[in-house]
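Asker: Just dropping this structure here.
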Amino acid sequence: MSPCECGKLAEKAGENVGTSRDEFVSSSDPRHPANLICSLCKTFYYNNWVTGTGGGISIKLNDSSHVYIAPSGVQKEQLQPEDMFVMDLNTEKYLRAPEKYKPSACTPLFLSCYKQRGAGAVIHTHSQHAVMCSLIFGDEFRIANIEQIKAIPSGKRDGATGKDINLSFFDTLVIPIIENTAHEEDLTEGLQEALAKYPAATAVIVRRHGIYVWGPSVDKAKVYNEAIDYLMELAVKMHQLGIPPDCAIGAEKEYV
Ligand SMILES: CSC[C@@H](O)[C@@H](O)C(=O)COP(=O)(O)O
Ligand SMILES: [Zn+2]
């Protein structure tokens, strides 16, 4: 999807105004995307990741092409299932579009991760740790030889089981950093370029803004986001002490 196509997404939602289609969001299952977006946004709010309406999360319904997207400009911790937009990934048409809202400005970025990476969920936070790392580091955030790295996928798959192989303790995690733009949807081109250039990455940091993290399932995306946030916070502390976060084991002694 090109950035100019992305601008049309809000228009497309407008075409479907009035399609309340409550069956898409009425479920007693707490793991249904309409319910899970609400509960996860509360958790994220208390981590300072989605305060002041910033950030959000989109989840794809298992074994379907339906993606759930929150409205734009609302307090994310107060979301209700009936506030959700539902889009068919194949047609990019909204199956459900609440009349009083516009879909999240992050929608074209969420769609890029679904389409280019086969994601099952995408998390966007305004984590201060991501913002600090983007101020400290250049085009990449790199951190090595820290136990928590083992929670992040390496981009490689086990030939026999087909399962993702995570980074090892001795590996270096690399996350691209792209420049921010005046409007969230204008980030799409930069994000798509980073997705193409870093096929192993499961996250992209946006300078002075936050981070996008995705995974094959919502549970994995949540784990990756938590682990990366931990590593970004640690990297800022290491940097404050003069220790490069990607230094070799034992080399930290040269800096402290
Ligand atoms: C504090 S405004 C933040 C927005 O411009 C944007 O960066 C964001 O993350 C959320 O966009 P939204 O359209 O409300 O889902
Ligand atoms: Zn944002």
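How things are named: the first chain in the structure tokens is A, the next is B, and so on; residues count from 1 in each chain; ligands count from 1 in the order shown.
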Give the residue list for ligand 2 at 8 Å, counting only C-alpha atoms and all ligand atoms, as a PDB file with C-alpha atoms, in the first residue's frame, sorted by chain and then by residue number.

Answerer:
ATOM      1  CA  GLY A  54      -1.268   8.155  22.089  1.00  0.00           C
ATOM      2  CA  GLY A  55      -0.367   4.652  20.949  1.00  0.00           C
ATOM      3  CA  GLY A  56      -2.677   1.677  20.496  1.00  0.00           C
ATOM      4  CA  CYS A 106      -2.039   4.205  12.910  1.00  0.00           C
ATOM      5  CA  HIS A 124       2.191   0.966  18.986  1.00  0.00           C
ATOM      6  CA  THR A 125       3.434   2.662  22.169  1.00  0.00           C
ATOM      7  CA  HIS A 126       4.721   6.092  23.055  1.00  0.00           C
ATOM      8  CA  GLU A 184       1.080   9.393  11.874  1.00  0.00           C
ATOM      9  CA  HIS A 209       7.663   9.383  18.956  1.00  0.00           C
ATOM     10  CA  GLY A 210       7.612   5.738  20.082  1.00  0.00           C
ATOM     11  CA  ILE A 211       7.724   2.217  18.679  1.00  0.00           C
TER      12      ILE A 211
END

Asker: Per DSSP on the backbone, what are the helix (DSSP H, G or I) residues of stretch 101-204 of chain A, as a PDB file with N, CA and C atoms, in the first residue's frame?

Answerer:
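Contents of the output file result_35.pdb:
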ATOM      1  N   THR A 107      -3.697   3.163  11.436  1.00  0.00           N
ATOM      2  CA  THR A 107      -4.233   2.074  10.611  1.00  0.00           C
ATOM      3  C   THR A 107      -3.313   1.690   9.442  1.00  0.00           C
ATOM      4  N   PRO A 108      -2.814   2.639   8.613  1.00  0.00           N
ATOM      5  CA  PRO A 108      -1.951   2.211   7.500  1.00  0.00           C
ATOM      6  C   PRO A 108      -0.664   1.542   7.956  1.00  0.00           C
ATOM      7  N   LEU A 109      -0.205   1.894   9.163  1.00  0.00           N
ATOM      8  CA  LEU A 109       1.018   1.258   9.684  1.00  0.00           C
ATOM      9  C   LEU A 109       0.699  -0.150  10.173  1.00  0.00           C
ATOM     10  N   PHE A 110      -0.447  -0.284  10.837  1.00  0.00           N
ATOM     11  CA  PHE A 110      -0.879  -1.632  11.243  1.00  0.00           C
ATOM     12  C   PHE A 110      -1.010  -2.530  10.005  1.00  0.00           C
ATOM     13  N   LEU A 111      -1.649  -1.983   8.954  1.00  0.00           N
ATOM     14  CA  LEU A 111      -1.874  -2.781   7.737  1.00  0.00           C
ATOM     15  C   LEU A 111      -0.560  -3.194   7.094  1.00  0.00           C
ATOM     16  N   SER A 112       0.426  -2.303   7.123  1.00  0.00           N
ATOM     17  CA  SER A 112       1.739  -2.637   6.543  1.00  0.00           C
ATOM     18  C   SER A 112       2.340  -3.845   7.263  1.00  0.00           C
ATOM     19  N   CYS A 113       2.216  -3.885   8.584  1.00  0.00           N
ATOM     20  CA  CYS A 113       2.775  -5.022   9.349  1.00  0.00           C
ATOM     21  C   CYS A 113       1.986  -6.298   9.084  1.00  0.00           C
ATOM     22  N   TYR A 114       0.652  -6.182   8.956  1.00  0.00           N
ATOM     23  CA  TYR A 114      -0.146  -7.376   8.620  1.00  0.00           C
ATOM     24  C   TYR A 114       0.264  -7.916   7.256  1.00  0.00           C
ATOM     25  N   LYS A 115       0.393  -6.991   6.284  1.00  0.00           N
ATOM     26  CA  LYS A 115       0.599  -7.434   4.898  1.00  0.00           C
ATOM     27  C   LYS A 115       2.048  -7.811   4.619  1.00  0.00           C
ATOM     28  N   GLN A 116       2.996  -6.978   5.081  1.00  0.00           N
ATOM     29  CA  GLN A 116       4.399  -7.257   4.751  1.00  0.00           C
ATOM     30  C   GLN A 116       5.000  -8.334   5.653  1.00  0.00           C
ATOM     31  N   ARG A 117       4.420  -8.515   6.864  1.00  0.00           N
ATOM     32  CA  ARG A 117       5.026  -9.433   7.824  1.00  0.00           C
ATOM     33  C   ARG A 117       4.105 -10.565   8.273  1.00  0.00           C
ATOM     34  N   GLN A 128       8.530   6.079  26.721  1.00  0.00           N
ATOM     35  CA  GLN A 128       9.623   7.054  26.859  1.00  0.00           C
ATOM     36  C   GLN A 128      10.978   6.382  26.643  1.00  0.00           C
ATOM     37  N   HIS A 129      11.045   5.069  26.901  1.00  0.00           N
ATOM     38  CA  HIS A 129      12.319   4.367  26.668  1.00  0.00           C
ATOM     39  C   HIS A 129      12.641   4.342  25.175  1.00  0.00           C
ATOM     40  N   ALA A 130      11.608   4.169  24.343  1.00  0.00           N
ATOM     41  CA  ALA A 130      11.813   4.196  22.887  1.00  0.00           C
ATOM     42  C   ALA A 130      12.230   5.596  22.457  1.00  0.00           C
ATOM     43  N   VAL A 131      11.562   6.599  22.998  1.00  0.00           N
ATOM     44  CA  VAL A 131      11.885   7.982  22.615  1.00  0.00           C
ATOM     45  C   VAL A 131      13.325   8.306  23.027  1.00  0.00           C
ATOM     46  N   MET A 132      13.722   7.911  24.243  1.00  0.00           N
ATOM     47  CA  MET A 132      15.091   8.188  24.701  1.00  0.00           C
ATOM     48  C   MET A 132      16.123   7.483  23.813  1.00  0.00           C
ATOM     49  N   CYS A 133      15.851   6.229  23.462  1.00  0.00           N
ATOM     50  CA  CYS A 133      16.796   5.505  22.596  1.00  0.00           C
ATOM     51  C   CYS A 133      16.912   6.199  21.244  1.00  0.00           C
ATOM     52  N   SER A 134      15.790   6.730  20.755  1.00  0.00           N
ATOM     53  CA  SER A 134      15.828   7.399  19.439  1.00  0.00           C
ATOM     54  C   SER A 134      16.610   8.708  19.508  1.00  0.00           C
ATOM     55  N   LEU A 135      16.696   9.302  20.707  1.00  0.00           N
ATOM     56  CA  LEU A 135      17.473  10.536  20.866  1.00  0.00           C
ATOM     57  C   LEU A 135      18.966  10.235  20.999  1.00  0.00           C
ATOM     58  N   ILE A 136      19.257   9.064  21.568  1.00  0.00           N
ATOM     59  CA  ILE A 136      20.654   8.710  21.846  1.00  0.00           C
ATOM     60  C   ILE A 136      21.331   8.071  20.624  1.00  0.00           C
ATOM     61  N   GLU A 147      20.423 -11.197  28.890  1.00  0.00           N
ATOM     62  CA  GLU A 147      19.526 -12.370  28.943  1.00  0.00           C
ATOM     63  C   GLU A 147      18.172 -12.121  28.272  1.00  0.00           C
ATOM     64  N   GLN A 148      17.601 -10.924  28.477  1.00  0.00           N
ATOM     65  CA  GLN A 148      16.237 -10.656  27.986  1.00  0.00           C
ATOM     66  C   GLN A 148      16.145 -10.688  26.450  1.00  0.00           C
ATOM     67  N   ILE A 149      17.295 -10.583  25.763  1.00  0.00           N
ATOM     68  CA  ILE A 149      17.313 -10.661  24.293  1.00  0.00           C
ATOM     69  C   ILE A 149      16.710 -11.987  23.821  1.00  0.00           C
ATOM     70  N   LYS A 150      16.815 -13.023  24.677  1.00  0.00           N
ATOM     71  CA  LYS A 150      16.350 -14.362  24.290  1.00  0.00           C
ATOM     72  C   LYS A 150      14.837 -14.437  24.091  1.00  0.00           C
ATOM     73  N   ALA A 151      14.111 -13.360  24.465  1.00  0.00           N
ATOM     74  CA  ALA A 151      12.649 -13.331  24.247  1.00  0.00           C
ATOM     75  C   ALA A 151      12.289 -12.840  22.847  1.00  0.00           C
ATOM     76  N   GLU A 184       0.770  10.816  11.677  1.00  0.00           N
ATOM     77  CA  GLU A 184       1.080   9.393  11.874  1.00  0.00           C
ATOM     78  C   GLU A 184       1.046   8.608  10.550  1.00  0.00           C
ATOM     79  N   GLU A 185       0.013   8.862   9.738  1.00  0.00           N
ATOM     80  CA  GLU A 185      -0.141   8.060   8.508  1.00  0.00           C
ATOM     81  C   GLU A 185       1.020   8.274   7.532  1.00  0.00           C
ATOM     82  N   ASP A 186       1.710   9.441   7.643  1.00  0.00           N
ATOM     83  CA  ASP A 186       2.840   9.712   6.744  1.00  0.00           C
ATOM     84  C   ASP A 186       4.094   8.909   7.121  1.00  0.00           C
ATOM     85  N   LEU A 187       4.002   8.186   8.235  1.00  0.00           N
ATOM     86  CA  LEU A 187       5.111   7.311   8.621  1.00  0.00           C
ATOM     87  C   LEU A 187       5.148   6.036   7.784  1.00  0.00           C
ATOM     88  N   THR A 188       4.076   5.799   7.035  1.00  0.00           N
ATOM     89  CA  THR A 188       3.912   4.504   6.372  1.00  0.00           C
ATOM     90  C   THR A 188       5.076   4.160   5.446  1.00  0.00           C
ATOM     91  N   GLU A 189       5.509   5.138   4.630  1.00  0.00           N
ATOM     92  CA  GLU A 189       6.578   4.869   3.661  1.00  0.00           C
ATOM     93  C   GLU A 189       7.867   4.461   4.394  1.00  0.00           C
ATOM     94  N   GLY A 190       8.217   5.229   5.434  1.00  0.00           N
ATOM     95  CA  GLY A 190       9.430   4.935   6.206  1.00  0.00           C
ATOM     96  C   GLY A 190       9.347   3.567   6.863  1.00  0.00           C
ATOM     97  N   LEU A 191       8.176   3.247   7.389  1.00  0.00           N
ATOM     98  CA  LEU A 191       7.993   1.948   8.036  1.00  0.00           C
ATOM     99  C   LEU A 191       8.139   0.822   7.012  1.00  0.00           C
ATOM    100  N   GLN A 192       7.496   1.006   5.852  1.00  0.00           N
ATOM    101  CA  GLN A 192       7.564  -0.040   4.818  1.00  0.00           C
ATOM    102  C   GLN A 192       8.994  -0.250   4.339  1.00  0.00           C
ATOM    103  N   GLU A 193       9.754   0.844   4.217  1.00  0.00           N
ATOM    104  CA  GLU A 193      11.163   0.724   3.804  1.00  0.00           C
ATOM    105  C   GLU A 193      11.960  -0.043   4.855  1.00  0.00           C
ATOM    106  N   ALA A 194      11.699   0.263   6.140  1.00  0.00           N
ATOM    107  CA  ALA A 194      12.421  -0.424   7.216  1.00  0.00           C
ATOM    108  C   ALA A 194      12.049  -1.907   7.251  1.00  0.00           C
ATOM    109  N   LEU A 195      10.787  -2.220   6.991  1.00  0.00           N
ATOM    110  CA  LEU A 195      10.358  -3.626   6.979  1.00  0.00           C
ATOM    111  C   LEU A 195      11.099  -4.390   5.883  1.00  0.00           C
ATOM    112  N   ALA A 196      11.299  -3.721   4.740  1.00  0.00           N
ATOM    113  CA  ALA A 196      11.994  -4.378   3.624  1.00  0.00           C
ATOM    114  C   ALA A 196      13.488  -4.518   3.918  1.00  0.00           C
ATOM    115  N   LYS A 197      14.081  -3.483   4.534  1.00  0.00           N
ATOM    116  CA  LYS A 197      15.530  -3.473   4.763  1.00  0.00           C
ATOM    117  C   LYS A 197      15.946  -4.380   5.928  1.00  0.00           C
TER     118      LYS A 197
END

Asker: Could you tell me which of A:Cys38, A:Leu231, A:Ile146, A:Leu89 comes closest to A:Gly118 if we count only C-alpha atoms?

Answerer: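 Closest to A:Gly118, using only C-alpha atoms: A:Leu89.
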
Asker: Using only C-alpha atoms and all ligand atoms, which of A:Phe24, A:Tyr46, A:Tyr224, A:Phe85 sits nearest ligand 1?

Answerer: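 Residue with the minimum atom-to-atom distance to ligand 1: A:Phe85.
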
Asker: Could you give me, as a list in words, the residues within 9 Å of A:Ser217, counting only C-alpha atoms and dropping anything in the same chain fewer than 6 positions from it?

Answerer: Ile59, Lys60, Asn62, Ala119, Gly120, Ala121 and Val122 of chain A

Asker: I need the chosen residues saved as a PDB file, in the first residue's frame, with N, CA and C atoms.

Answerer:
ATOM      1  N   ILE A  59      -5.509  -6.044  16.489  1.00  0.00           N
ATOM      2  CA  ILE A  59      -5.426  -7.514  16.574  1.00  0.00           C
ATOM      3  C   ILE A  59      -6.229  -8.126  15.432  1.00  0.00           C
ATOM      4  N   LYS A  60      -5.657  -9.185  14.826  1.00  0.00           N
ATOM      5  CA  LYS A  60      -6.375  -9.939  13.784  1.00  0.00           C
ATOM      6  C   LYS A  60      -7.101 -11.104  14.439  1.00  0.00           C
ATOM      7  N   ASN A  62      -8.290 -14.709  14.893  1.00  0.00           N
ATOM      8  CA  ASN A  62      -7.671 -15.980  14.471  1.00  0.00           C
ATOM      9  C   ASN A  62      -8.346 -16.569  13.243  1.00  0.00           C
ATOM     10  N   ALA A 119       1.696 -10.351  10.240  1.00  0.00           N
ATOM     11  CA  ALA A 119       1.500 -10.201  11.695  1.00  0.00           C
ATOM     12  C   ALA A 119       0.104 -10.660  12.110  1.00  0.00           C
ATOM     13  N   GLY A 120      -0.001 -11.066  13.393  1.00  0.00           N
ATOM     14  CA  GLY A 120      -1.306 -11.396  13.980  1.00  0.00           C
ATOM     15  C   GLY A 120      -1.777 -10.280  14.880  1.00  0.00           C
ATOM     16  N   ALA A 121      -0.863  -9.389  15.249  1.00  0.00           N
ATOM     17  CA  ALA A 121      -1.202  -8.229  16.083  1.00  0.00           C
ATOM     18  C   ALA A 121      -0.063  -7.219  15.989  1.00  0.00           C
ATOM     19  N   VAL A 122      -0.420  -5.950  16.146  1.00  0.00           N
ATOM     20  CA  VAL A 122       0.584  -4.880  16.091  1.00  0.00           C
ATOM     21  C   VAL A 122       0.343  -3.935  17.269  1.00  0.00           C
TER      22      VAL A 122
END

Asker: Could you tell me how far atom CA of A:Glu92 lies from atom CA of A:Ile175, in Å and to one decimal?

Answerer: 28.3 Å

Asker: Of the candidates A:Leu241, A:Ala201, A:Ile123, A:Ile177, which one gets nearest to A:Val223 if we count only C-alpha atoms?

Answerer: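 Result for the nearest residue to A:Val223: A:Ile123.
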
Asker: Counting only C-alpha atoms, which of A:Ile69, A:Val206, A:Met232, A:Leu79 gets nearest to A:Asn180?

Answerer: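 Residue with the minimum atom-to-atom distance to A:Asn180: A:Val206.
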
Asker: Could you please determine the separation between atom CA of A:Gln75 and atom CA of A:Thr53 in Å, to one decimal place?

Answerer: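 Computed distance, atom CA of A:Gln75 to atom CA of A:Thr53, equals 4.5 Å.
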
Asker: What are the DSSP strand (DSSP E or B) residues of stretch 111-169 of chain A, as a list in words?

Answerer: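 Assigned to strand (DSSP E or B), within stretch 111-169 of chain A: Ala121, Val122, Ile123, His124, Thr125, Glu140, Phe141, Arg142, Ile143, Ala144, Pro153, Ser154, Gly155, Lys156, Arg157, Asp164, Ile165 and Asn166 of chain A.
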
Asker: Please provide the set of residues having any atom within 12 Å of A:Ser27, restricted to only C-alpha atoms, with same-chain residues fewer than 6 positions apart removed, written as a list in words.

Answerer: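 Residues near the query, excluding close chain neighbours: Pro33, Ala34, Asn35, Leu36, Pro81 and Glu82 of chain A.
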
Asker: Suppose we keep C-alpha atoms; can you now write the selection as a short mmCIF file (atom, residue, chain, number, x, y, z; two decimals), in the first residue's frame?

Answerer:
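New file out-v1.cif:
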data_model
loop_
_atom_site.label_atom_id
_atom_site.label_comp_id
_atom_site.auth_asym_id
_atom_site.auth_seq_id
_atom_site.Cartn_x
_atom_site.Cartn_y
_atom_site.Cartn_z
CA PRO A 33 -9.98 -9.03 19.78
CA ALA A 34 -12.72 -6.50 20.64
CA ASN A 35 -12.36 -7.37 24.34
CA LEU A 36 -8.60 -7.95 24.33
CA PRO A 81 -15.67 -3.29 22.52
CA GLU A 82 -18.44 -1.40 20.67
#
